[in-house]
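Student: Sending over a structure as structure tokens; questions will come in a sec.
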Amino acid sequence: MKNVNIAVDGPAGAGKSSIAKLVAAKLGIVYVDTGAMYRTMAYGCLENGIDVDDEKAVSTGIMDFGIEIAYENGTQNIFLDKKNVSTDIRQEKIGNAASKVARYTAVRERLVALQREMAKKQSVIMDGRDIGTVVLPDAELKIYLTASVDVRADRRYKELVEKGETPDLDEIKKDIEARDYQDMNRDVSPLKKADDAVEVDTSNMTIDEVVAEICSLYEKC
């Protein structure tokens, strides 16, 4: 069988990672979490005292980072200089820093090359901001996953509450709006819907309904 690659793009908090993982499990293909790669770059910068607002410092600093990806029971684990950082990179501050470093050409070039190599070897589902437009422009199936800002903020709020945190819903909403603007207006590979992507608005859909829709589209490839 030929490889079938699925590209999933969309704004922060649309459920891309959660949905992509479930689709991968259902279809028996590899899930590539590109966001984790950018978070790892950001984590490495913060851990090494590199200012994420300084493109030159970031572009130079990341050349020393050793990034490796390994799969265990279908789950992606990401390593920075041999240390498993899969959990460390999930902090809110890392996500915000990742949105900044993702604007830089040197960061994107390094990670895009790694992502394309993975997609050549096997069928994958990959999620991010520019998968269908830049990373895998020839993907057999492209999905643009979105949801209203209010719905995305509410989902994030509930996630944080479940973790025992005491978040501010208005602050979360402001953060999401800021990240949307930043992602859609950056100079390098801005977030946009590919011309041949299928838009799926998850605002009023259950997770199971979204997964079923994507799997149905996959079967038609």
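Every chain in the structure tokens has a letter given in the order shown (A, B, ...), and although residue numbers restart at 1 in each chain, ligands are simply numbered from 1 in the order shown.
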With only C-alpha atoms as the counted atoms, please give the residues lying no more than 10 Å from A:Asn5, apart from itself and same-chain residues fewer than 4 positions off, as a PDB file with N, CA, C and O atoms, in the first residue's frame.

Tutor:
```
ATOM      1  N   ILE A  29      -1.827   4.517  11.862  1.00  0.00           N
ATOM      2  CA  ILE A  29      -0.724   5.242  11.244  1.00  0.00           C
ATOM      3  C   ILE A  29       0.013   6.042  12.318  1.00  0.00           C
ATOM      4  O   ILE A  29      -0.433   6.124  13.458  1.00  0.00           O
ATOM      5  N   VAL A  30       1.137   6.644  11.942  1.00  0.00           N
ATOM      6  CA  VAL A  30       1.977   7.354  12.911  1.00  0.00           C
ATOM      7  C   VAL A  30       1.496   8.796  13.088  1.00  0.00           C
ATOM      8  O   VAL A  30       1.219   9.501  12.109  1.00  0.00           O
ATOM      9  N   ALA A 119       7.582  11.744   7.045  1.00  0.00           N
ATOM     10  CA  ALA A 119       6.416  11.487   6.185  1.00  0.00           C
ATOM     11  C   ALA A 119       6.777  10.640   4.968  1.00  0.00           C
ATOM     12  O   ALA A 119       5.916   9.952   4.414  1.00  0.00           O
ATOM     13  N   LYS A 120       8.033  10.690   4.545  1.00  0.00           N
ATOM     14  CA  LYS A 120       8.471   9.885   3.399  1.00  0.00           C
ATOM     15  C   LYS A 120       8.500   8.406   3.750  1.00  0.00           C
ATOM     16  O   LYS A 120       8.286   7.545   2.903  1.00  0.00           O
ATOM     17  N   GLN A 122       6.652   6.628   6.012  1.00  0.00           N
ATOM     18  CA  GLN A 122       5.428   5.938   6.415  1.00  0.00           C
ATOM     19  C   GLN A 122       4.212   6.847   6.278  1.00  0.00           C
ATOM     20  O   GLN A 122       4.360   8.039   6.063  1.00  0.00           O
ATOM     21  N   SER A 123       3.022   6.252   6.401  1.00  0.00           N
ATOM     22  CA  SER A 123       1.804   7.062   6.443  1.00  0.00           C
ATOM     23  C   SER A 123       1.758   7.778   7.784  1.00  0.00           C
ATOM     24  O   SER A 123       1.969   7.156   8.830  1.00  0.00           O
ATOM     25  N   VAL A 124       1.519   9.081   7.746  1.00  0.00           N
ATOM     26  CA  VAL A 124       1.487   9.850   8.988  1.00  0.00           C
ATOM     27  C   VAL A 124       0.290  10.790   9.004  1.00  0.00           C
ATOM     28  O   VAL A 124      -0.262  11.131   7.955  1.00  0.00           O
ATOM     29  N   ILE A 125      -0.076  11.201  10.220  1.00  0.00           N
ATOM     30  CA  ILE A 125      -0.977  12.333  10.381  1.00  0.00           C
ATOM     31  C   ILE A 125      -0.171  13.349  11.172  1.00  0.00           C
ATOM     32  O   ILE A 125       0.431  13.030  12.201  1.00  0.00           O
ATOM     33  N   MET A 126      -0.083  14.556  10.625  1.00  0.00           N
ATOM     34  CA  MET A 126       0.779  15.578  11.192  1.00  0.00           C
ATOM     35  C   MET A 126      -0.043  16.842  11.416  1.00  0.00           C
ATOM     36  O   MET A 126      -0.815  17.236  10.535  1.00  0.00           O
ATOM     37  N   LEU A 136       3.900  19.603   4.054  1.00  0.00           N
ATOM     38  CA  LEU A 136       3.466  18.494   3.197  1.00  0.00           C
ATOM     39  C   LEU A 136       2.454  19.002   2.167  1.00  0.00           C
ATOM     40  O   LEU A 136       1.269  18.654   2.211  1.00  0.00           O
ATOM     41  N   ASP A 138       1.925  18.154  -0.715  1.00  0.00           N
ATOM     42  CA  ASP A 138       1.369  17.079  -1.547  1.00  0.00           C
ATOM     43  C   ASP A 138       0.609  16.034  -0.729  1.00  0.00           C
ATOM     44  O   ASP A 138       0.330  14.940  -1.234  1.00  0.00           O
ATOM     45  N   ALA A 139       0.287  16.351   0.510  1.00  0.00           N
ATOM     46  CA  ALA A 139      -0.454  15.399   1.360  1.00  0.00           C
ATOM     47  C   ALA A 139      -1.753  14.995   0.671  1.00  0.00           C
ATOM     48  O   ALA A 139      -2.429  15.824   0.047  1.00  0.00           O
ATOM     49  N   GLU A 140      -2.074  13.717   0.810  1.00  0.00           N
ATOM     50  CA  GLU A 140      -3.278  13.199   0.143  1.00  0.00           C
ATOM     51  C   GLU A 140      -4.574  13.753   0.762  1.00  0.00           C
ATOM     52  O   GLU A 140      -5.602  13.845   0.092  1.00  0.00           O
ATOM     53  N   LEU A 141      -4.509  14.105   2.054  1.00  0.00           N
ATOM     54  CA  LEU A 141      -5.689  14.659   2.723  1.00  0.00           C
ATOM     55  C   LEU A 141      -5.259  15.828   3.598  1.00  0.00           C
ATOM     56  O   LEU A 141      -4.334  15.715   4.399  1.00  0.00           O
ATOM     57  N   LYS A 142      -5.925  16.967   3.404  1.00  0.00           N
ATOM     58  CA  LYS A 142      -5.628  18.158   4.214  1.00  0.00           C
ATOM     59  C   LYS A 142      -6.892  18.598   4.952  1.00  0.00           C
ATOM     60  O   LYS A 142      -7.961  18.733   4.340  1.00  0.00           O
ATOM     61  N   TYR A 218     -10.429  10.044   4.925  1.00  0.00           N
ATOM     62  CA  TYR A 218      -9.218   9.252   4.669  1.00  0.00           C
ATOM     63  C   TYR A 218      -9.553   8.036   3.794  1.00  0.00           C
ATOM     64  O   TYR A 218      -8.808   7.709   2.867  1.00  0.00           O
ATOM     65  N   CYS A 221      -9.470   8.500   0.119  1.00  0.00           N
ATOM     66  CA  CYS A 221      -8.204   8.856  -0.567  1.00  0.00           C
ATOM     67  C   CYS A 221      -7.741   7.747  -1.505  1.00  0.00           C
ATOM     68  O   CYS A 221      -7.920   6.572  -1.201  1.00  0.00           O
TER      69      CYS A 221
END
```

Student: Please, which residues in stretch 3-32 of chain A fall within 12 Å of stretch 95-115 of chain A when counting only C-alpha atoms, and what is the closest atom pair and distance in Å to one decimal for each, ordered by chain then residue number, as a Markdown table?

Tutor:
```
| residue | atom | partner | partner_atom | distance |
| --- | --- | --- | --- | --- |
| A:Asn5 | CA | A:Gln115 | CA | 11.6 |
| A:Ala7 | CA | A:Gln115 | CA | 11.4 |
| A:Pro11 | CA | A:Ser99 | CA | 11.2 |
| A:Ala12 | CA | A:Gly95 | CA | 9.6 |
| A:Gly13 | CA | A:Gly95 | CA | 11.1 |
| A:Val30 | CA | A:Gln115 | CA | 12.0 |
| A:Tyr31 | CA | A:Gln115 | CA | 11.1 |
| A:Val32 | CA | A:Gln115 | CA | 7.8 |
```

Student: Take the selection from the previous step and output its residues with C-alpha atoms, as a CSV table (one decimal), in the first residue's frame.

Tutor:
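The resulting file, part_6.csv, is shown below:
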```csv
chain,number,residue,atom,x,y,z
A,5,ASN,CA,-0.3,11.4,4.6
A,7,ALA,CA,-2.1,17.3,7.1
A,11,PRO,CA,-5.4,27.7,15.3
A,12,ALA,CA,-4.3,27.1,18.9
A,13,GLY,CA,-6.8,25.2,21.0
A,30,VAL,CA,2.0,7.4,12.9
A,31,TYR,CA,1.1,10.6,14.6
A,32,VAL,CA,3.7,13.4,14.3
```

Student: With only C-alpha atoms as the basis for distance, which of A:Val188, A:Val200, A:Cys215, A:Met118 is at the shortest distance from A:Tyr71?

Tutor: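 Under the stated criterion, the closest residue is A:Met118.
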
Student: Mind listing the strand (DSSP E or B) residues of stretch 163-220 of chain A, per DSSP on the backbone, as a PDB file with all heavy atoms, in the first residue's frame?

Tutor:
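Below you can see states.pdb, which holds the result:
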```pdb
ATOM      1  N   VAL A 198     -10.020  20.562   3.585  1.00  0.00           N
ATOM      2  CA  VAL A 198     -11.413  20.459   4.017  1.00  0.00           C
ATOM      3  C   VAL A 198     -11.518  21.126   5.386  1.00  0.00           C
ATOM      4  O   VAL A 198     -10.815  20.743   6.320  1.00  0.00           O
ATOM      5  CB  VAL A 198     -11.854  18.977   4.141  1.00  0.00           C
ATOM      6  CG1 VAL A 198     -13.294  18.890   4.631  1.00  0.00           C
ATOM      7  CG2 VAL A 198     -11.678  18.253   2.808  1.00  0.00           C
ATOM      8  N   GLU A 199     -12.378  22.144   5.514  1.00  0.00           N
ATOM      9  CA  GLU A 199     -12.525  22.816   6.809  1.00  0.00           C
ATOM     10  C   GLU A 199     -13.496  22.055   7.701  1.00  0.00           C
ATOM     11  O   GLU A 199     -14.596  21.688   7.275  1.00  0.00           O
ATOM     12  CB  GLU A 199     -13.028  24.253   6.628  1.00  0.00           C
ATOM     13  CG  GLU A 199     -13.125  24.998   7.950  1.00  0.00           C
ATOM     14  CD  GLU A 199     -13.285  26.508   7.785  1.00  0.00           C
ATOM     15  OE1 GLU A 199     -12.768  27.061   6.792  1.00  0.00           O
ATOM     16  OE2 GLU A 199     -13.930  27.113   8.653  1.00  0.00           O
ATOM     17  N   VAL A 200     -13.051  21.800   8.933  1.00  0.00           N
ATOM     18  CA  VAL A 200     -13.899  21.116   9.925  1.00  0.00           C
ATOM     19  C   VAL A 200     -13.987  22.022  11.153  1.00  0.00           C
ATOM     20  O   VAL A 200     -12.991  22.218  11.852  1.00  0.00           O
ATOM     21  CB  VAL A 200     -13.314  19.732  10.306  1.00  0.00           C
ATOM     22  CG1 VAL A 200     -14.208  19.061  11.355  1.00  0.00           C
ATOM     23  CG2 VAL A 200     -13.173  18.842   9.082  1.00  0.00           C
ATOM     24  N   ASP A 201     -15.164  22.591  11.390  1.00  0.00           N
ATOM     25  CA  ASP A 201     -15.384  23.454  12.561  1.00  0.00           C
ATOM     26  C   ASP A 201     -15.889  22.574  13.699  1.00  0.00           C
ATOM     27  O   ASP A 201     -16.973  22.011  13.623  1.00  0.00           O
ATOM     28  CB  ASP A 201     -16.402  24.539  12.231  1.00  0.00           C
ATOM     29  CG  ASP A 201     -16.523  25.579  13.338  1.00  0.00           C
ATOM     30  OD1 ASP A 201     -16.384  25.207  14.534  1.00  0.00           O
ATOM     31  OD2 ASP A 201     -16.759  26.760  13.026  1.00  0.00           O
TER      32      ASP A 201
END
```

Student: Pick the closest to A:Thr75 from A:Asp187, A:Asp53, A:Glu47, A:Asp33: which is it, counting only C-alpha atoms?

Tutor: A:Asp33

Student: What does the distance between atom CA of A:Ser86 and atom CA of A:Ser18 come to in Å, to one decimal place?

Tutor: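 Separation of atom CA of A:Ser86 and atom CA of A:Ser18: 15.0 Å.
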
Student: Figure out the distance between atom CA of A:Ile207 and atom CA of A:Ile89, please, to one decimal in Å.

Tutor: 24.0 Å

Student: DSSP says alpha helix (DSSP H) for which residues of stretch 3-217 of chain A? Put them as JSON, numbers by chain?

Tutor: {"A": [16, 17, 18, 19, 20, 21, 22, 23, 24, 25, 26, 27, 34, 35, 36, 37, 38, 39, 40, 41, 42, 43, 44, 45, 46, 47, 55, 56, 57, 58, 59, 60, 61, 92, 93, 94, 95, 96, 97, 98, 99, 100, 101, 105, 106, 107, 108, 109, 110, 111, 112, 113, 114, 115, 116, 117, 118, 119, 120, 121, 149, 150, 151, 152, 153, 154, 155, 156, 157, 158, 159, 160, 161, 162, 169, 170, 171, 172, 173, 174, 175, 176, 177, 178, 179, 180, 181, 182, 183, 184, 185, 207, 208, 209, 210, 211, 212, 213, 214, 215, 216, 217]}

Student: How about saving the chosen residues, C-alpha atoms kept, as a tab-separated table (two decimals), in the first residue's frame?

Tutor:
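That gives us selection_31.tsv:
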```tsv
chain	number	residue	atom	x	y	z
A	16	LYS	CA	-5.61	19.34	16.54
A	17	SER	CA	-3.28	17.19	18.66
A	18	SER	CA	-6.04	15.33	20.52
A	19	ILE	CA	-7.94	14.61	17.31
A	20	ALA	CA	-4.82	13.65	15.34
A	21	LYS	CA	-3.73	11.16	18.02
A	22	LEU	CA	-7.14	9.47	17.98
A	23	VAL	CA	-7.26	9.34	14.18
A	24	ALA	CA	-3.75	7.84	14.11
A	25	ALA	CA	-4.76	5.14	16.58
A	26	LYS	CA	-7.94	4.35	14.65
A	27	LEU	CA	-6.20	4.15	11.28
A	34	THR	CA	5.00	19.07	15.16
A	35	GLY	CA	3.93	21.43	17.94
A	36	ALA	CA	6.01	19.38	20.37
A	37	MET	CA	9.04	19.97	18.15
A	38	TYR	CA	8.61	23.76	18.27
A	39	ARG	CA	7.94	23.58	22.00
A	40	THR	CA	11.18	21.65	22.40
A	41	MET	CA	13.09	24.37	20.56
A	42	ALA	CA	11.48	26.99	22.83
A	43	TYR	CA	12.16	24.89	25.94
A	44	GLY	CA	15.82	24.56	24.95
A	45	CYS	CA	16.08	28.33	24.50
A	46	LEU	CA	14.52	29.10	27.88
A	47	GLU	CA	16.64	26.47	29.65
A	55	GLU	CA	15.97	35.85	16.27
A	56	LYS	CA	19.75	35.93	15.82
A	57	ALA	CA	20.40	34.44	19.27
A	58	VAL	CA	17.77	31.72	18.74
A	59	SER	CA	18.99	30.89	15.22
A	60	THR	CA	22.54	30.45	16.51
A	61	GLY	CA	21.61	28.68	19.76
A	92	GLU	CA	1.77	27.34	29.17
A	93	LYS	CA	4.89	29.54	29.05
A	94	ILE	CA	6.57	27.06	26.70
A	95	GLY	CA	3.59	27.18	24.34
A	96	ASN	CA	3.74	30.97	24.18
A	97	ALA	CA	7.51	30.91	23.61
A	98	ALA	CA	7.08	28.26	20.90
A	99	SER	CA	4.76	30.57	18.99
A	100	LYS	CA	7.60	33.12	18.95
A	101	VAL	CA	10.47	30.86	17.86
A	105	THR	CA	13.44	30.79	9.39
A	106	ALA	CA	16.32	28.80	10.92
A	107	VAL	CA	13.99	27.03	13.37
A	108	ARG	CA	11.44	26.19	10.70
A	109	GLU	CA	13.99	24.96	8.16
A	110	ARG	CA	15.53	22.56	10.65
A	111	LEU	CA	12.23	21.09	11.82
A	112	VAL	CA	10.50	20.99	8.43
A	113	ALA	CA	13.33	18.86	7.04
A	114	LEU	CA	12.88	16.42	9.92
A	115	GLN	CA	9.09	16.32	9.46
A	116	ARG	CA	9.29	15.66	5.72
A	117	GLU	CA	11.75	12.84	6.28
A	118	MET	CA	9.31	11.17	8.66
A	119	ALA	CA	6.42	11.49	6.19
A	120	LYS	CA	8.47	9.88	3.40
A	121	LYS	CA	9.03	6.73	5.43
A	149	VAL	CA	-12.32	31.67	20.17
A	150	ASP	CA	-14.87	31.31	22.99
A	151	VAL	CA	-15.08	27.54	22.57
A	152	ARG	CA	-11.29	27.18	22.43
A	153	ALA	CA	-10.82	29.34	25.52
A	154	ASP	CA	-13.44	27.38	27.43
A	155	ARG	CA	-11.79	24.06	26.52
A	156	ARG	CA	-8.40	25.32	27.69
A	157	TYR	CA	-9.91	26.67	30.91
A	158	LYS	CA	-11.45	23.27	31.72
A	159	GLU	CA	-8.17	21.48	30.95
A	160	LEU	CA	-6.28	23.68	33.40
A	161	VAL	CA	-8.95	23.34	36.10
A	162	GLU	CA	-8.73	19.56	35.79
A	169	LEU	CA	-10.88	32.62	31.46
A	170	ASP	CA	-10.53	36.18	30.14
A	171	GLU	CA	-6.73	35.90	30.19
A	172	ILE	CA	-6.89	32.59	28.33
A	173	LYS	CA	-9.14	34.16	25.70
A	174	LYS	CA	-6.73	37.09	25.28
A	175	ASP	CA	-3.78	34.68	24.96
A	176	ILE	CA	-5.58	32.68	22.26
A	177	GLU	CA	-6.49	35.82	20.31
A	178	ALA	CA	-2.88	37.03	20.55
A	179	ARG	CA	-1.53	33.67	19.36
A	180	ASP	CA	-4.03	33.60	16.48
A	181	TYR	CA	-2.87	37.04	15.35
A	182	GLN	CA	0.79	36.11	15.73
A	183	ASP	CA	0.40	32.79	13.89
A	184	MET	CA	-1.65	34.28	11.04
A	185	ASN	CA	0.54	37.34	10.52
A	207	ILE	CA	-14.47	14.46	19.56
A	208	ASP	CA	-15.90	11.17	18.24
A	209	GLU	CA	-17.78	13.01	15.48
A	210	VAL	CA	-14.63	14.84	14.37
A	211	VAL	CA	-12.56	11.64	14.36
A	212	ALA	CA	-15.25	9.81	12.37
A	213	GLU	CA	-15.39	12.59	9.78
A	214	ILE	CA	-11.63	12.61	9.23
A	215	CYS	CA	-11.46	8.81	9.03
A	216	SER	CA	-14.29	8.87	6.48
A	217	LEU	CA	-12.37	11.40	4.35
```

Student: For atom CA of A:Leu191 and atom CA of A:Ala147, quote the distance in Å rounded to one decimal.

Tutor: 14.4 Å

Student: Rank nothing, just name the residue among A:Lys163, A:Lys220, A:Lys193, A:Lys2 nearest to A:Val134, using only C-alpha atoms.

Tutor: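 With only C-alpha atoms as the atom set, the closest residue is A:Lys193.
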